[in-house]
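One file, final.txt, is given below (compact mmCIF, C-alpha atoms and all ligand atoms).
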```txt
# COMPACT_ATOMS: atom_id res chain seq x y z
CA MET A 1 0.00 0.00 0.00
CA ASN A 2 1.39 3.41 -0.85
CA LYS A 3 1.94 6.14 1.71
CA LEU A 4 -1.08 8.18 0.62
CA ARG A 5 -3.42 5.18 0.86
CA LYS A 6 -2.04 4.47 4.35
CA GLN A 7 -2.79 8.07 5.35
CA TYR A 8 -6.26 7.69 3.91
CA ALA A 9 -6.92 4.44 5.77
CA LYS A 10 -6.08 6.13 9.08
CA GLN A 11 -8.58 8.94 8.60
CA LYS A 12 -11.90 9.03 10.39
CA PHE A 13 -14.54 10.92 8.52
CA ARG A 14 -17.24 12.70 10.50
CA THR A 15 -19.14 13.60 7.35
CA CYS A 16 -19.18 12.11 3.88
CA PRO A 17 -16.13 13.45 1.96
CA PHE A 18 -17.91 13.16 -1.38
CA CYS A 19 -20.86 15.21 -0.13
CA ASP A 20 -18.44 17.81 1.27
CA TRP A 21 -16.16 17.84 -1.75
CA GLN A 22 -17.61 20.91 -3.45
CA ALA A 23 -17.46 22.94 -0.25
CA GLN A 24 -14.14 21.61 1.05
CA LYS A 25 -12.12 21.01 -2.10
CA PRO A 26 -13.58 23.03 -4.98
CA GLU A 27 -10.07 23.63 -6.33
CA LEU A 28 -9.73 19.92 -7.04
CA ILE A 29 -12.82 19.69 -9.24
CA LEU A 30 -11.73 19.30 -12.86
CA ALA A 31 -15.15 19.46 -14.50
CA GLU A 32 -18.74 19.25 -13.39
CA THR A 33 -22.29 18.85 -14.56
CA LYS A 34 -25.45 19.78 -12.70
CA ASN A 35 -25.37 16.58 -10.65
CA TYR A 36 -21.85 15.13 -10.92
CA TYR A 37 -18.24 16.19 -10.63
CA LEU A 38 -14.91 14.91 -11.89
CA THR A 39 -11.97 15.23 -9.53
CA LEU A 40 -8.59 13.73 -8.92
CA ASN A 41 -8.25 11.20 -6.15
CA GLU A 42 -6.34 12.84 -3.31
CA TYR A 43 -5.27 9.40 -2.13
CA PRO A 44 -4.59 7.71 -5.46
CA TYR A 45 -3.80 4.04 -6.02
CA ILE A 46 -1.53 5.26 -8.78
CA GLU A 47 -0.69 8.61 -10.37
CA HIS A 48 -3.52 10.18 -12.42
CA HIS A 49 -6.26 8.28 -10.59
CA LEU A 50 -9.51 10.18 -11.23
CA LEU A 51 -12.96 9.99 -9.64
CA ILE A 52 -16.47 10.87 -10.75
CA ALA A 53 -19.11 11.24 -8.05
CA PRO A 54 -22.70 12.40 -7.85
CA LYS A 55 -23.15 15.61 -5.87
CA ALA A 56 -26.01 14.04 -3.95
CA HIS A 57 -25.35 11.31 -1.41
CA ILE A 58 -26.30 8.07 -3.17
CA GLU A 59 -25.25 4.75 -1.67
CA ASP A 60 -26.49 2.32 -4.27
CA LEU A 61 -26.08 2.35 -8.04
CA SER A 62 -29.71 1.28 -8.41
CA ARG A 63 -30.76 4.60 -6.87
CA GLU A 64 -28.91 6.71 -9.42
CA LYS A 65 -31.14 8.65 -11.77
CA PRO A 66 -30.58 7.66 -15.39
CA GLY A 67 -28.89 10.32 -17.44
CA LYS A 68 -25.89 11.17 -19.54
CA GLU A 69 -23.97 13.33 -17.07
CA LYS A 70 -21.76 10.54 -15.71
CA ASP A 71 -20.96 9.45 -19.27
CA GLN A 72 -20.12 13.01 -20.26
CA LEU A 73 -17.65 13.33 -17.41
CA THR A 74 -16.26 9.87 -18.18
CA LYS A 75 -15.62 11.11 -21.71
CA ILE A 76 -13.83 14.23 -20.44
CA ALA A 77 -11.77 12.04 -18.11
CA SER A 78 -10.97 9.65 -20.98
CA GLN A 79 -9.83 12.52 -23.15
CA LEU A 80 -7.69 13.74 -20.28
CA MET A 81 -6.14 10.28 -19.93
CA LYS A 82 -5.33 10.31 -23.62
CA LYS A 83 -3.68 13.71 -23.36
CA LEU A 84 -1.65 12.45 -20.42
CA GLY A 85 -0.41 9.67 -22.68
CA ILE A 86 -2.31 6.98 -20.76
CA LYS A 87 -3.76 4.34 -23.06
CA ASP A 88 -4.61 1.66 -20.52
CA TYR A 89 -6.88 2.31 -17.59
CA VAL A 90 -9.74 0.75 -15.69
CA VAL A 91 -13.15 2.42 -15.36
CA LEU A 92 -14.66 1.01 -12.20
CA ASP A 93 -17.97 1.38 -10.39
CA ARG A 94 -18.33 -0.50 -7.14
CA ASN A 95 -21.55 -1.16 -5.28
CA GLY A 96 -21.67 -2.01 -1.60
CA LEU A 97 -18.93 -2.00 1.01
CA ARG A 98 -17.99 -5.64 0.34
CA SER A 99 -17.10 -4.67 -3.24
CA GLY A 100 -14.13 -2.79 -1.84
CA MET A 101 -15.72 0.63 -1.51
CA SER A 102 -14.16 2.50 1.36
CA LEU A 103 -16.91 5.14 1.37
CA ALA A 104 -20.62 4.46 0.98
CA HIS A 105 -21.20 7.36 -1.46
CA ILE A 106 -20.97 5.83 -4.93
CA HIS A 107 -18.12 6.96 -7.15
CA ARG A 108 -16.55 5.94 -10.44
CA HIS A 109 -12.81 5.36 -10.65
CA LEU A 110 -10.56 5.87 -13.65
CA ILE A 111 -7.31 4.13 -12.78
CA PRO A 112 -4.28 3.98 -15.07
CA VAL A 113 -2.84 0.49 -15.56
CA GLU A 114 0.87 0.28 -16.11
CA GLY A 115 1.29 -3.28 -17.35
CA PRO A 116 -0.64 -6.42 -18.24
CA HIS A 117 -0.10 -7.98 -14.82
CA ASP A 118 -0.16 -4.74 -12.95
CA MET A 119 -3.79 -4.02 -12.23
CA PHE A 120 -4.71 -1.00 -10.20
CA TYR A 121 -3.85 -2.48 -6.82
CA ARG A 122 -0.19 -1.97 -7.36
CA PHE A 123 -0.21 0.71 -4.67
CA ALA A 124 3.14 2.03 -5.73
CA ASP A 125 4.75 4.62 -3.56
CA ILE A 126 3.85 7.64 -5.59
CA SER A 127 4.01 10.09 -2.73
CA LYS A 128 7.33 11.52 -3.89
CA MET A 129 6.04 12.48 -7.31
CA TRP A 130 2.58 13.45 -6.13
CA ASP A 131 1.81 17.14 -6.09
CA LYS A 132 -1.93 17.56 -6.31
CA VAL A 133 -1.82 21.31 -6.91
CA LYS A 134 0.47 20.79 -9.89
CA ALA A 135 -1.61 17.84 -11.08
CA VAL A 136 -4.88 19.81 -10.94
CA LYS A 137 -3.30 22.69 -12.85
CA LYS A 138 -2.04 20.34 -15.54
CA TYR A 139 -5.37 18.47 -15.80
CA LYS A 140 -7.36 21.69 -16.08
CA GLU A 141 -5.08 22.97 -18.85
CA LEU A 142 -5.42 19.70 -20.74
CA ILE A 143 -9.22 19.66 -20.35
CA LYS A 144 -9.42 23.28 -21.47
CA SER A 145 -7.38 22.50 -24.57
CA THR A 146 -9.82 19.77 -25.61
CA PRO A 147 -12.56 21.08 -27.90
CA HIS A 148 -15.71 20.55 -25.86
CA LYS A 149 -17.66 22.37 -23.21
CA ASN A 150 -16.26 21.54 -19.79
CA ARG A 151 -19.18 22.87 -17.87
CA LEU A 152 -22.06 20.89 -19.17
CA HIS A 153 -24.95 22.63 -17.49
ZN ZN B 1 -22.04 11.47 0.46
```
Would you write out, as structure tokens, the structure that this file holds?
Ligand SMILES: [Zn+2]
Amino acid sequence: MNKLRKQYAKQKFRTCPFCDWQAQKPELILAETKNYYLTLNEYPYIEHHLLIAPKAHIEDLSREKPGKEKDQLTKIASQLMKKLGIKDYVVLDRNGLRSGMSLAHIHRHLIPVEGPHDMFYRFADISKMWDKVKAVKKYKELIKSTPHKNRLH
């Protein structure tokens, strides 16, 4: 497990971090729609690990309202991955705490994969190269340079 994931595992959350994200970490939001946001994972499994979460607290995928917003943000995230030179990544939705979710609020992961036998649980020690302020700046520039509307509402 990498250093950042260890830090994350030690945290006790009094409120749901995904519900608080917009208020607590607006600078980390890379793109948003009316009901969803795309952000980087502050405690990534691997560098360039992105997350898409609904703004409302939803604990079960079956309770999500159908719509294109999540797909739109997945597309923006995919384009960002491409611009970062990442060809291989996993798009992952989990449902239920036994699926490996560490927080009940549903969220979609986009996790770069570095090799055929190196799925996303590599937990490399990326803490040395991880600078989230720099990463957000870079991601936002890359998203902005892609010809589409970033704010979809
Ligand atoms: Zn929540």
Can I get the residues of chain A within 10 Å of ligand ZN 1 (chain B), each with the closest pair of atoms and their distance in Å to one decimal, using all atoms listed in the file, sorted chain first then ascending number, as JSON lines?
```
{"residue": "A:Thr15", "atom": "CA", "partner": "B:ZN1", "partner_atom": "ZN", "distance": 7.8}
{"residue": "A:Cys16", "atom": "CA", "partner": "B:ZN1", "partner_atom": "ZN", "distance": 4.5}
{"residue": "A:Pro17", "atom": "CA", "partner": "B:ZN1", "partner_atom": "ZN", "distance": 6.4}
{"residue": "A:Phe18", "atom": "CA", "partner": "B:ZN1", "partner_atom": "ZN", "distance": 4.8}
{"residue": "A:Cys19", "atom": "CA", "partner": "B:ZN1", "partner_atom": "ZN", "distance": 4.0}
{"residue": "A:Asp20", "atom": "CA", "partner": "B:ZN1", "partner_atom": "ZN", "distance": 7.3}
{"residue": "A:Trp21", "atom": "CA", "partner": "B:ZN1", "partner_atom": "ZN", "distance": 8.9}
{"residue": "A:Ala53", "atom": "CA", "partner": "B:ZN1", "partner_atom": "ZN", "distance": 9.0}
{"residue": "A:Pro54", "atom": "CA", "partner": "B:ZN1", "partner_atom": "ZN", "distance": 8.4}
{"residue": "A:Lys55", "atom": "CA", "partner": "B:ZN1", "partner_atom": "ZN", "distance": 7.6}
{"residue": "A:Ala56", "atom": "CA", "partner": "B:ZN1", "partner_atom": "ZN", "distance": 6.5}
{"residue": "A:His57", "atom": "CA", "partner": "B:ZN1", "partner_atom": "ZN", "distance": 3.8}
{"residue": "A:Ile58", "atom": "CA", "partner": "B:ZN1", "partner_atom": "ZN", "distance": 6.5}
{"residue": "A:Glu59", "atom": "CA", "partner": "B:ZN1", "partner_atom": "ZN", "distance": 7.7}
{"residue": "A:Leu103", "atom": "CA", "partner": "B:ZN1", "partner_atom": "ZN", "distance": 8.2}
{"residue": "A:Ala104", "atom": "CA", "partner": "B:ZN1", "partner_atom": "ZN", "distance": 7.2}
{"residue": "A:His105", "atom": "CA", "partner": "B:ZN1", "partner_atom": "ZN", "distance": 4.6}
{"residue": "A:Ile106", "atom": "CA", "partner": "B:ZN1", "partner_atom": "ZN", "distance": 7.9}
{"residue": "A:His107", "atom": "CA", "partner": "B:ZN1", "partner_atom": "ZN", "distance": 9.7}
```
Would you mind exporting C-alpha atoms of the selected residues as a PDB file, in the coordinates of the input?
```pdb
ATOM      1  CA  THR A  15     -19.140  13.600   7.350  1.00  0.00           C
ATOM      2  CA  CYS A  16     -19.180  12.110   3.880  1.00  0.00           C
ATOM      3  CA  PRO A  17     -16.130  13.450   1.960  1.00  0.00           C
ATOM      4  CA  PHE A  18     -17.910  13.160  -1.380  1.00  0.00           C
ATOM      5  CA  CYS A  19     -20.860  15.210  -0.130  1.00  0.00           C
ATOM      6  CA  ASP A  20     -18.440  17.810   1.270  1.00  0.00           C
ATOM      7  CA  TRP A  21     -16.160  17.840  -1.750  1.00  0.00           C
ATOM      8  CA  ALA A  53     -19.110  11.240  -8.050  1.00  0.00           C
ATOM      9  CA  PRO A  54     -22.700  12.400  -7.850  1.00  0.00           C
ATOM     10  CA  LYS A  55     -23.150  15.610  -5.870  1.00  0.00           C
ATOM     11  CA  ALA A  56     -26.010  14.040  -3.950  1.00  0.00           C
ATOM     12  CA  HIS A  57     -25.350  11.310  -1.410  1.00  0.00           C
ATOM     13  CA  ILE A  58     -26.300   8.070  -3.170  1.00  0.00           C
ATOM     14  CA  GLU A  59     -25.250   4.750  -1.670  1.00  0.00           C
ATOM     15  CA  LEU A 103     -16.910   5.140   1.370  1.00  0.00           C
ATOM     16  CA  ALA A 104     -20.620   4.460   0.980  1.00  0.00           C
ATOM     17  CA  HIS A 105     -21.200   7.360  -1.460  1.00  0.00           C
ATOM     18  CA  ILE A 106     -20.970   5.830  -4.930  1.00  0.00           C
ATOM     19  CA  HIS A 107     -18.120   6.960  -7.150  1.00  0.00           C
TER      20      HIS A 107
END
```
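The interatomic distance for the pair atom CA of Gln24 of chain A and atom CA of Gly67 of chain A works out to 26.2 Å.
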Cut-off 9 Å: closest segment 16-126 of chain A/segment 134-147 of chain A atom pairs per residue, using only C-alpha atoms, as a Markdown table:
```
| residue | atom | partner | partner_atom | distance |
| --- | --- | --- | --- | --- |
| A:Glu27 | CA | A:Val136 | CA | 7.9 |
| A:Leu28 | CA | A:Val136 | CA | 6.2 |
| A:Ile29 | CA | A:Val136 | CA | 8.1 |
| A:Leu30 | CA | A:Lys140 | CA | 5.9 |
| A:Ala31 | CA | A:Lys140 | CA | 8.3 |
| A:Thr39 | CA | A:Val136 | CA | 8.6 |
| A:Leu40 | CA | A:Val136 | CA | 7.4 |
| A:His48 | CA | A:Ala135 | CA | 8.0 |
| A:Ile76 | CA | A:Ile143 | CA | 7.1 |
| A:Ala77 | CA | A:Ile143 | CA | 8.3 |
| A:Gln79 | CA | A:Thr146 | CA | 7.7 |
| A:Leu80 | CA | A:Ile143 | CA | 6.1 |
| A:Lys83 | CA | A:Leu142 | CA | 6.8 |
| A:Leu84 | CA | A:Leu142 | CA | 8.2 |
```
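The gap separating atom CA of Val113 of chain A from atom CA of Tyr36 of chain A is 24.4 Å, in Å to one decimal.
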Give one line per residue of segment 30-57 of chain A that approaches segment 5-12 of chain A to at most 10 Å, naming the two atoms of the closest pair and their distance in Å to one decimal, counting only C-alpha atoms; sort by chain then ascending residue number and deliver it as a tab-separated table.
```
residue	atom	partner	partner_atom	distance
A:Glu42	CA	A:Tyr8	CA	8.9
A:Tyr43	CA	A:Arg5	CA	5.5
A:Pro44	CA	A:Arg5	CA	6.9
A:Tyr45	CA	A:Arg5	CA	7.0
A:Ile46	CA	A:Arg5	CA	9.8
```
